[in-house]
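This is run-v6.cif. It holds mmCIF, C-alpha atoms.
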data_work
loop_
_atom_site.label_atom_id
_atom_site.label_comp_id
_atom_site.auth_asym_id
_atom_site.auth_seq_id
_atom_site.Cartn_x
_atom_site.Cartn_y
_atom_site.Cartn_z
CA MET A 1 0.00 0.00 0.00
CA ARG A 2 2.84 2.36 0.87
CA SER A 3 4.23 2.12 -2.64
CA SER A 4 0.94 3.54 -4.00
CA VAL A 5 1.49 6.92 -2.28
CA PRO A 6 4.26 8.11 -4.61
CA ASN A 7 2.23 6.84 -7.55
CA ARG A 8 -0.76 8.86 -6.41
CA ALA A 9 1.41 11.93 -6.00
CA ILE A 10 2.79 11.51 -9.51
CA ALA A 11 -0.72 10.99 -10.89
CA ALA A 12 -1.99 14.10 -9.06
CA ALA A 13 0.93 16.15 -10.36
CA ALA A 14 0.29 14.91 -13.91
CA ILE A 15 -3.42 15.78 -13.68
CA GLY A 16 -2.52 19.18 -12.28
CA LEU A 17 -0.16 19.84 -15.16
CA LEU A 18 -2.77 18.71 -17.68
CA LEU A 19 -5.47 20.89 -16.13
CA GLY A 20 -3.08 23.82 -15.88
CA GLY A 21 -2.37 23.54 -19.57
CA CYS A 22 -6.08 23.59 -20.37
CA LEU A 23 -6.95 26.55 -18.15
CA ALA A 24 -6.77 30.08 -19.53
CA PRO A 25 -3.96 32.28 -18.21
CA MET A 26 -4.95 34.37 -15.22
CA PRO A 27 -3.96 37.90 -14.23
CA GLN A 28 -0.97 37.63 -11.93
CA PRO A 29 -0.59 39.84 -8.85
CA LEU A 30 2.44 42.12 -9.13
CA ALA A 31 3.85 40.97 -5.81
CA PRO A 32 6.72 43.44 -5.27
CA LEU A 33 4.58 46.45 -6.12
CA ASN A 34 1.67 45.16 -4.07
CA SER A 35 3.98 44.75 -1.09
CA ARG A 36 5.11 48.33 -1.55
CA LEU A 37 1.49 49.54 -1.74
CA GLU A 38 0.68 47.46 1.33
CA ALA A 39 3.46 49.17 3.22
CA ILE A 40 2.06 52.61 2.36
CA GLY A 41 -1.14 51.77 4.21
CA ALA A 42 -4.70 52.53 3.10
CA ASN A 43 -5.00 53.72 -0.49
CA ARG A 44 -7.83 54.19 -2.96
CA ASP A 45 -8.93 55.57 -6.33
CA PRO A 46 -6.14 54.08 -8.49
CA ALA A 47 -5.49 55.54 -11.93
CA LEU A 48 -3.04 53.75 -14.24
CA SER A 49 -1.48 55.34 -17.29
CA GLY A 50 1.76 54.33 -19.00
CA ARG A 51 4.35 53.59 -16.32
CA TRP A 52 2.47 55.64 -13.73
CA LEU A 53 0.02 54.86 -10.97
CA ALA A 54 -1.73 57.79 -9.30
CA LEU A 55 -3.77 57.11 -6.19
CA ILE A 56 -5.04 58.66 -3.01
CA SER A 57 -3.16 57.45 -0.01
CA GLY A 58 -3.81 57.83 3.69
CA ARG A 59 -0.89 58.75 5.83
CA GLY A 60 -0.98 59.75 9.45
CA GLY A 61 -4.71 60.30 9.46
CA ARG A 62 -4.90 62.46 6.34
CA GLU A 63 -5.01 61.65 2.64
CA GLN A 64 -2.80 62.87 -0.17
CA VAL A 65 -2.18 62.23 -3.85
CA MET A 66 0.65 59.85 -4.58
CA LEU A 67 2.31 59.14 -7.93
CA LEU A 68 4.26 55.90 -8.32
CA ASP A 69 6.71 55.11 -11.09
CA LEU A 70 5.93 51.45 -11.73
CA GLU A 71 9.17 50.78 -13.61
CA ARG A 72 11.41 52.15 -10.87
CA GLN A 73 8.94 51.16 -8.17
CA GLN A 74 9.43 54.54 -6.54
CA PRO A 75 7.10 57.33 -5.42
CA ILE A 76 7.57 60.62 -7.28
CA ASP A 77 7.69 64.01 -5.57
CA LEU A 78 4.75 66.28 -6.39
CA PRO A 79 5.79 69.69 -5.04
CA GLY A 80 2.88 72.07 -4.65
CA LEU A 81 0.12 69.54 -5.28
CA ASN A 82 -0.75 68.23 -1.83
CA ARG A 83 -1.96 70.57 0.89
CA ALA A 84 -2.53 69.73 4.52
CA ASP A 85 -5.92 71.48 4.46
CA ALA A 86 -7.18 69.81 1.27
CA GLN A 87 -9.05 66.52 0.94
CA PRO A 88 -8.40 64.71 -2.38
CA VAL A 89 -11.52 63.20 -3.94
CA SER A 90 -10.48 61.83 -7.34
CA VAL A 91 -7.20 61.74 -9.27
CA SER A 92 -6.01 60.82 -12.77
CA VAL A 93 -2.66 60.94 -14.61
CA ASP A 94 -1.71 60.96 -18.29
CA ALA A 95 0.56 58.36 -19.90
CA ALA A 96 3.55 60.72 -19.89
CA GLY A 97 3.23 61.25 -16.15
CA GLU A 98 3.24 64.99 -16.84
CA ARG A 99 -0.35 66.02 -16.13
CA ILE A 100 -2.35 65.10 -13.06
CA ALA A 101 -6.02 66.03 -12.74
CA LEU A 102 -7.36 66.26 -9.22
CA VAL A 103 -10.76 66.87 -7.66
CA ARG A 104 -10.29 68.09 -4.09
CA GLN A 105 -12.20 69.71 -1.27
CA LEU A 106 -10.61 72.89 -0.02
CA GLU A 107 -12.00 75.55 2.28
CA GLY A 108 -15.51 74.15 2.11
CA ARG A 109 -15.80 73.82 -1.65
CA THR A 110 -14.96 71.20 -4.24
CA GLU A 111 -12.67 72.15 -7.10
CA LEU A 112 -10.90 70.62 -10.08
CA VAL A 113 -7.25 71.43 -10.66
CA LEU A 114 -4.70 70.40 -13.27
CA TYR A 115 -1.11 69.90 -12.15
CA ARG A 116 1.80 70.03 -14.60
CA ARG A 117 4.68 68.13 -13.09
CA SER A 118 7.54 69.56 -15.17
CA VAL A 119 6.74 73.12 -14.11
CA GLN A 120 5.06 72.28 -10.79
CA SER A 121 2.10 74.47 -11.72
CA LEU A 122 -1.46 74.10 -10.49
CA GLN A 123 -4.27 75.42 -12.70
CA PRO A 124 -7.88 75.54 -11.53
CA ILE A 125 -10.43 74.27 -14.05
CA PRO A 126 -13.74 76.00 -13.30
CA MET A 127 -17.03 74.24 -13.95
CA ALA A 128 -19.08 76.05 -16.60
CA PRO A 129 -21.99 76.17 -16.10
CA SER A 130 -21.35 75.97 -12.40
CA GLY A 131 -21.46 72.56 -10.79
CA VAL A 132 -19.71 70.37 -8.26
CA PRO A 133 -17.08 68.02 -9.71
CA ARG A 134 -16.93 64.55 -8.23
CA GLN A 135 -14.74 62.39 -10.42
CA VAL A 136 -12.20 63.12 -13.14
CA GLN A 137 -10.42 61.08 -15.77
CA LEU A 138 -7.58 62.42 -17.85
CA GLN A 139 -7.33 60.96 -21.34
CA ALA A 140 -4.06 58.99 -21.65
CA ASP A 141 -2.63 61.45 -24.19
CA GLY A 142 -3.34 64.24 -21.72
CA ARG A 143 -5.43 66.31 -24.13
CA GLN A 144 -8.91 65.96 -22.66
CA LEU A 145 -10.62 65.62 -19.31
CA ALA A 146 -13.87 63.78 -18.63
CA ILE A 147 -15.46 65.14 -15.47
CA GLN A 148 -18.46 63.85 -13.53
CA VAL A 149 -20.28 66.97 -12.34
CA SER A 150 -23.36 67.42 -10.17
CA ARG A 151 -25.78 70.07 -11.47
CA GLY A 152 -29.19 70.53 -9.92
CA GLY A 153 -29.09 67.06 -8.43
CA ILE A 154 -28.23 65.37 -11.73
CA TRP A 155 -24.90 63.79 -12.56
CA GLN A 156 -23.53 64.96 -15.88
CA VAL A 157 -20.26 64.41 -17.75
CA ASP A 158 -18.30 67.36 -19.11
CA MET A 159 -15.46 67.04 -21.59
CA VAL A 160 -12.76 69.70 -21.42
CA GLN A 161 -10.02 70.04 -24.05
CA ILE A 162 -6.60 70.90 -22.69
CA PRO A 163 -4.19 72.83 -24.91
CA MET B 1 -15.29 102.65 -20.45
CA SER B 2 -14.88 101.72 -24.13
CA ALA B 3 -15.94 98.34 -25.54
CA PRO B 4 -12.43 97.24 -26.60
CA LEU B 5 -11.11 98.03 -23.13
CA LEU B 6 -13.92 96.01 -21.54
CA THR B 7 -13.15 93.06 -23.83
CA ALA B 8 -9.46 93.21 -22.98
CA LEU B 9 -10.25 93.39 -19.26
CA SER B 10 -12.67 90.48 -19.60
CA LEU B 11 -10.00 88.36 -21.29
CA LEU B 12 -7.48 89.25 -18.63
CA VAL B 13 -9.89 88.37 -15.84
CA SER B 14 -10.88 85.07 -17.43
CA GLY B 15 -7.21 84.21 -17.88
CA CYS B 16 -6.55 84.90 -14.22
CA SER B 17 -9.48 82.77 -13.12
CA GLY B 18 -7.71 79.86 -14.75
CA GLY B 19 -9.41 77.91 -17.46
CA GLU B 20 -12.46 79.88 -18.61
CA TRP B 21 -10.94 79.75 -22.10
CA LEU B 22 -10.77 75.99 -22.22
CA SER B 23 -12.87 74.34 -24.90
CA ARG B 24 -15.59 72.30 -23.26
CA ARG B 25 -18.75 70.43 -24.08
CA SER B 26 -21.22 68.09 -22.46
CA ALA B 27 -20.83 64.39 -23.19
CA GLY B 28 -24.33 64.67 -24.64
CA PRO B 29 -27.45 62.57 -24.44
CA VAL B 30 -27.37 58.99 -23.27
CA GLY B 31 -29.48 57.73 -26.17
CA VAL B 32 -32.25 55.29 -25.39
CA PHE B 33 -31.35 55.22 -21.72
CA ASN B 34 -33.60 56.86 -19.14
CA GLY B 35 -32.93 60.28 -17.76
CA ASN B 36 -29.80 62.31 -18.16
CA SER B 37 -27.80 61.06 -15.23
CA ARG B 38 -24.37 59.87 -16.22
CA GLN B 39 -21.50 58.91 -13.92
CA GLU B 40 -17.96 57.49 -13.81
CA PRO B 41 -16.67 58.69 -17.19
CA ALA B 42 -13.70 56.91 -18.77
CA LEU B 43 -12.08 57.91 -22.05
CA SER B 44 -10.00 55.80 -24.38
CA GLY B 45 -6.43 56.97 -24.88
CA GLN B 46 -7.16 59.46 -27.62
CA GLY B 47 -10.75 60.21 -26.66
CA ARG B 48 -12.51 58.33 -29.43
CA PHE B 49 -14.60 56.30 -26.99
CA LEU B 50 -16.32 57.30 -23.77
CA ALA B 51 -17.54 54.72 -21.27
CA SER B 52 -19.86 55.84 -18.50
CA VAL B 53 -22.48 54.46 -16.16
CA VAL B 54 -26.10 55.47 -16.80
CA ASP B 55 -29.42 54.55 -15.27
CA ARG B 56 -31.35 51.92 -17.20
CA GLY B 57 -34.60 50.90 -15.58
CA GLY B 58 -33.18 51.69 -12.18
CA ARG B 59 -30.00 49.70 -12.76
CA ALA B 60 -26.55 51.22 -13.16
CA THR B 61 -25.53 50.17 -16.67
CA LEU B 62 -22.29 50.55 -18.59
CA LEU B 63 -22.64 52.59 -21.77
CA LEU B 64 -19.91 52.77 -24.43
CA GLN B 65 -20.20 55.56 -26.97
CA GLU B 66 -18.15 56.85 -29.83
CA GLN B 67 -17.18 60.51 -29.54
CA PRO B 68 -18.28 63.04 -30.50
CA SER B 69 -21.17 61.39 -32.37
CA GLY B 70 -22.55 59.65 -29.30
CA ARG B 71 -23.14 56.46 -31.30
CA ILE B 72 -23.73 53.60 -28.87
CA VAL B 73 -21.28 50.71 -29.23
CA PRO B 74 -22.76 47.37 -28.18
CA LEU B 75 -21.00 45.28 -25.57
CA ARG B 76 -21.35 41.53 -25.51
CA HIS B 77 -20.65 40.41 -21.99
CA PHE B 78 -21.98 43.03 -19.61
CA GLN B 79 -25.71 42.44 -20.03
CA ASN B 80 -27.64 41.16 -17.03
CA ARG B 81 -24.72 41.72 -14.69
CA GLN B 82 -25.81 45.06 -13.28
CA PRO B 83 -25.08 47.12 -11.36
CA HIS B 84 -22.00 48.10 -13.34
CA SER B 85 -19.39 50.47 -12.01
CA SER B 86 -15.91 51.83 -12.56
CA PRO B 87 -15.47 51.43 -16.32
CA SER B 88 -12.01 51.76 -17.84
CA LEU B 89 -10.81 51.68 -21.47
CA SER B 90 -7.57 50.88 -23.26
CA TRP B 91 -5.86 53.22 -25.75
CA ASN B 92 -7.99 52.35 -28.78
CA GLY B 93 -11.02 51.12 -26.88
CA ARG B 94 -10.23 47.50 -27.67
CA TYR B 95 -10.55 46.47 -24.02
CA VAL B 96 -13.43 47.51 -21.79
CA ALA B 97 -13.02 46.78 -18.09
CA ALA B 98 -15.64 47.31 -15.40
CA LEU B 99 -16.99 45.89 -12.17
CA VAL B 100 -20.16 43.82 -12.40
CA GLN B 101 -22.39 41.91 -10.03
CA GLN B 102 -22.26 38.13 -10.15
CA GLY B 103 -24.36 36.52 -7.45
CA ASN B 104 -23.35 38.26 -4.26
CA GLN B 105 -19.89 39.16 -5.55
CA ARG B 106 -18.42 42.21 -7.28
CA LEU B 107 -16.30 40.91 -10.13
CA ALA B 108 -13.86 42.64 -12.47
CA LEU B 109 -14.47 41.82 -16.13
CA ILE B 110 -12.46 42.75 -19.21
CA GLU B 111 -14.12 42.43 -22.61
CA ASP B 112 -11.88 42.19 -25.66
CA ARG B 113 -13.86 43.88 -28.42
CA ALA B 114 -11.47 42.61 -31.09
CA ASN B 115 -12.20 38.91 -30.58
CA GLY B 116 -15.22 38.90 -28.27
CA ASN B 117 -13.36 37.19 -25.45
CA LEU B 118 -14.17 37.80 -21.81
CA HIS B 119 -11.62 37.78 -19.00
CA ARG B 120 -12.53 37.57 -15.33
CA LEU B 121 -10.45 38.61 -12.38
CA PRO B 122 -11.17 36.41 -9.40
CA LEU B 123 -10.36 37.87 -6.01
CA PRO B 124 -9.95 36.09 -2.69
CA ALA B 125 -13.21 35.79 -0.75
CA ASP B 126 -12.07 38.24 1.93
CA ARG B 127 -11.76 41.12 -0.59
CA THR B 128 -14.48 43.13 -2.33
CA ALA B 129 -13.62 45.00 -5.51
CA VAL B 130 -14.58 48.68 -5.26
CA ARG B 131 -12.90 50.39 -8.20
CA LEU B 132 -10.55 49.50 -11.02
CA SER B 133 -8.25 51.11 -13.54
CA LEU B 134 -6.98 49.42 -16.69
CA SER B 135 -3.67 50.76 -17.98
CA PRO B 136 -4.17 52.20 -21.48
CA GLU B 137 -1.76 49.67 -22.98
CA ALA B 138 -3.66 46.87 -21.19
CA ARG B 139 -0.53 45.69 -19.41
CA GLN B 140 -1.78 46.10 -15.85
CA LEU B 141 -4.99 46.36 -13.92
CA ALA B 142 -5.25 48.23 -10.63
CA VAL B 143 -8.07 47.16 -8.33
CA GLN B 144 -9.17 48.99 -5.22
CA VAL B 145 -10.47 46.43 -2.77
CA ALA B 146 -12.11 46.62 0.62
CA GLN B 147 -10.39 44.23 2.97
CA ALA B 148 -10.88 44.02 6.72
CA GLY B 149 -12.46 47.46 6.76
CA GLN B 150 -9.64 49.12 4.86
CA TRP B 151 -9.19 50.20 1.25
CA ARG B 152 -6.20 48.83 -0.58
CA VAL B 153 -4.98 49.01 -4.15
CA GLN B 154 -3.63 45.87 -5.77
CA LEU B 155 -1.94 45.55 -9.14
CA PHE B 156 -2.25 42.68 -11.59
CA ASP B 157 -0.06 41.84 -14.57
CA LEU B 158 -2.14 41.25 -17.72
CA ARG B 159 0.71 40.62 -20.16
CA SER B 160 0.18 36.86 -20.29
CA LEU B 161 -3.54 37.41 -20.79
CA LEU B 162 -4.04 40.31 -23.21
CA GLU B 163 -2.36 41.59 -26.35
CA PRO B 164 -1.21 45.16 -25.82
CA ASP B 165 -3.38 47.98 -27.16
CA LEU B 166 -0.81 50.60 -28.07
CA PRO B 167 -1.10 54.24 -29.17
CA GLY B 168 -1.62 54.47 -32.91
CA GLY B 169 -3.34 51.09 -33.09
CA LEU B 170 -6.61 50.67 -34.96
CA ALA B 171 -9.85 51.27 -33.12
CA VAL B 172 -12.17 48.27 -33.04
CA GLN B 173 -15.34 48.98 -34.98
CA GLY B 174 -18.81 47.91 -33.91
CA GLY B 175 -19.53 45.54 -31.09
CA GLY B 176 -16.61 43.18 -31.59
CA ALA B 177 -16.30 39.73 -33.03
CA GLN B 178 -17.75 36.45 -31.84
CA PRO B 179 -15.73 34.96 -29.00
CA SER B 180 -12.80 32.97 -30.26
CA PRO B 181 -12.74 29.30 -29.27
#
Please express the file's structure as structure tokens.
Amino acid sequence: MRSSVPNRAIAAAAIGLLLGGCLAPMPQPLAPLNSRLEAIGANRDPALSGRWLALISGRGGREQVMLLDLERQQPIDLPGLNRADAQPVSVSVDAAGERIALVRQLEGRTELVLYRRSVQSLQPIPMAPSGVPRQVQLQADGRQLAIQVSRGGIWQVDMVQIP
Amino acid sequence: MSAPLLTALSLLVSGCSGGEWLSRRSAGPVGVFNGNSRQEPALSGQGRFLASVVDRGGRATLLLQEQPSGRIVPLRHFQNRQPHSSPSLSWNGRYVAALVQQGNQRLALIEDRANGNLHRLPLPADRTAVRLSLSPEARQLAVQVAQAGQWRVQLFDLRSLLEPDLPGGLAVQGGGAQPSP
């Protein structure tokens, strides 16, 4: 009877290999990056584009925008974007990692801003007609924004071209 | 004050307010769908396609439209899996990713409009998918999950699963092909 155990193990391994060959490939967790994200703590609202991952990350009881370079597996400095008195709501990055669109709450109102990383500039994008932005997505080529806006209790989507 | 001076002042003021001069438009009507409410917009890499979530008979439903015409592009695999949320598109709109409801689980699906194939992302039972983002080249998927009362973002490598959808590639026309065997 004992000699049947190795045979069973071999048979199980063979069946496993056969089944594995028949099954479709599955998305694989990116373990090193996931460990790095895990170490950051709570994070939400991911936005992938090119080699960049923008997200909203909680640190020390407050949240801020974080940009990760997925190739170098390093966070990127964003001088002038995060403020201690601002609450980020939604974030998006273009494929070049140059433009970051951000909806944030600041001084009791919600605003949309566009950050240009190379010049560290922050440009407000007003809602016209007036409305409250909730979610933003920056087209991967960085030339257009799609914004979810609340107007009169209805959610609408605005498209804004960026020069 | 003269009219030209007023115009000049107006331009200066609008410039200072940051962005009044930007070209903008509404994403337009949602076609046969009820009401005008539209949420969670997602553009393809060069803006040819817009995915959003609209109300259809009280159920949050994924809508894919060509821009700027608003023509509705049919999707094969998302029907009867409402509520939909968090749509995301690849560069040329070949891949459409979104969260759907399957039984009592939120599930991430990716539809390949080029060959009609459907890809599912299973998650461990202790995690609930909340939001996702597909990289424009379709190389990675980021999923925000709720786990033990905390939000986390997890990344998945799609390179063994999907062909890349790169800038300059051809947009897939219509609703995509029949699923390949």
Could you tell me which residues the PyMOL selection byres ((chain B) within 7 of (chain A)) grabs in this file, written as a PyMOL selection string? chain B and resi 18-20+22-27+37-47+121+131-136+142+144+150-158+160-161
Report as a ChimeraX atom specification the full result of the PyMOL selection byres ((chain B and resi 171) around 10) when it is applied to this structure. /B:44,48-49,91-94,113-114,165,168-170,172-174
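Atom CA of B:Ser69 sits 29.7 Å away from atom CA of B:Gln140.
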If we count only C-alpha atoms, what is near A:Leu67 at a cut-off of 6 Å, once residues fewer than 3 positions away on the same chain are taken out, given as a VMD selection string? chain A and resid 53 to 54 75 to 76
Kindly give the distance, in Å, that separates atom CA of A:Ser130 and atom CA of A:Arg62, rounded to a single decimal.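 Answer for the atom CA of A:Ser130 to atom CA of A:Arg62 separation: 28.4 Å.
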Which of these, A:Asn82, A:Val119, A:Val89, A:Gln64, has the shortest distance to A:Val103 once you count all atoms listed in the file? A:Val89
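Candidate residues B:Gln65, B:Gln105, B:Asn117, B:Gln79 were compared for distance to B:Val130, and the nearest is B:Gln105, using only C-alpha atoms.
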Between atom CA of B:Gln82 and atom CA of B:Gly149, what is the distance in Å, rounded to a tenth?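 Atom CA of B:Gln82 sits 24.2 Å away from atom CA of B:Gly149.
Checking A:Gln74, A:Asp69, A:Gly152, A:Pro79 one by one against A:Pro129, counting all atoms listed in the file, you find the shortest gap at A:Gly152.
Residue nearest B:Tyr95 within the list B:Leu63, B:Val143, B:Ala138, B:Leu75: B:Ala138 [criterion: smallest interatomic distance, all atoms listed in the file].
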All file atoms of stretch 114-126 of chain B boxed axis-aligned, 5 Å per side, centre plus edges, as lines of an AutoDock Vina configuration file:
center_x = -12.6
center_y = 39.2
center_z = -14.6
size_x = 15.3
size_y = 16.8
size_z = 43.0
Give the answer as one residue: which of B:Glu137, B:Glu111, B:Arg127, B:Asn80 has the shortest atom-to-atom distance to B:Pro167, using all atoms listed in the file?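 Checking each candidate against B:Pro167, we get B:Glu137 as the closest.
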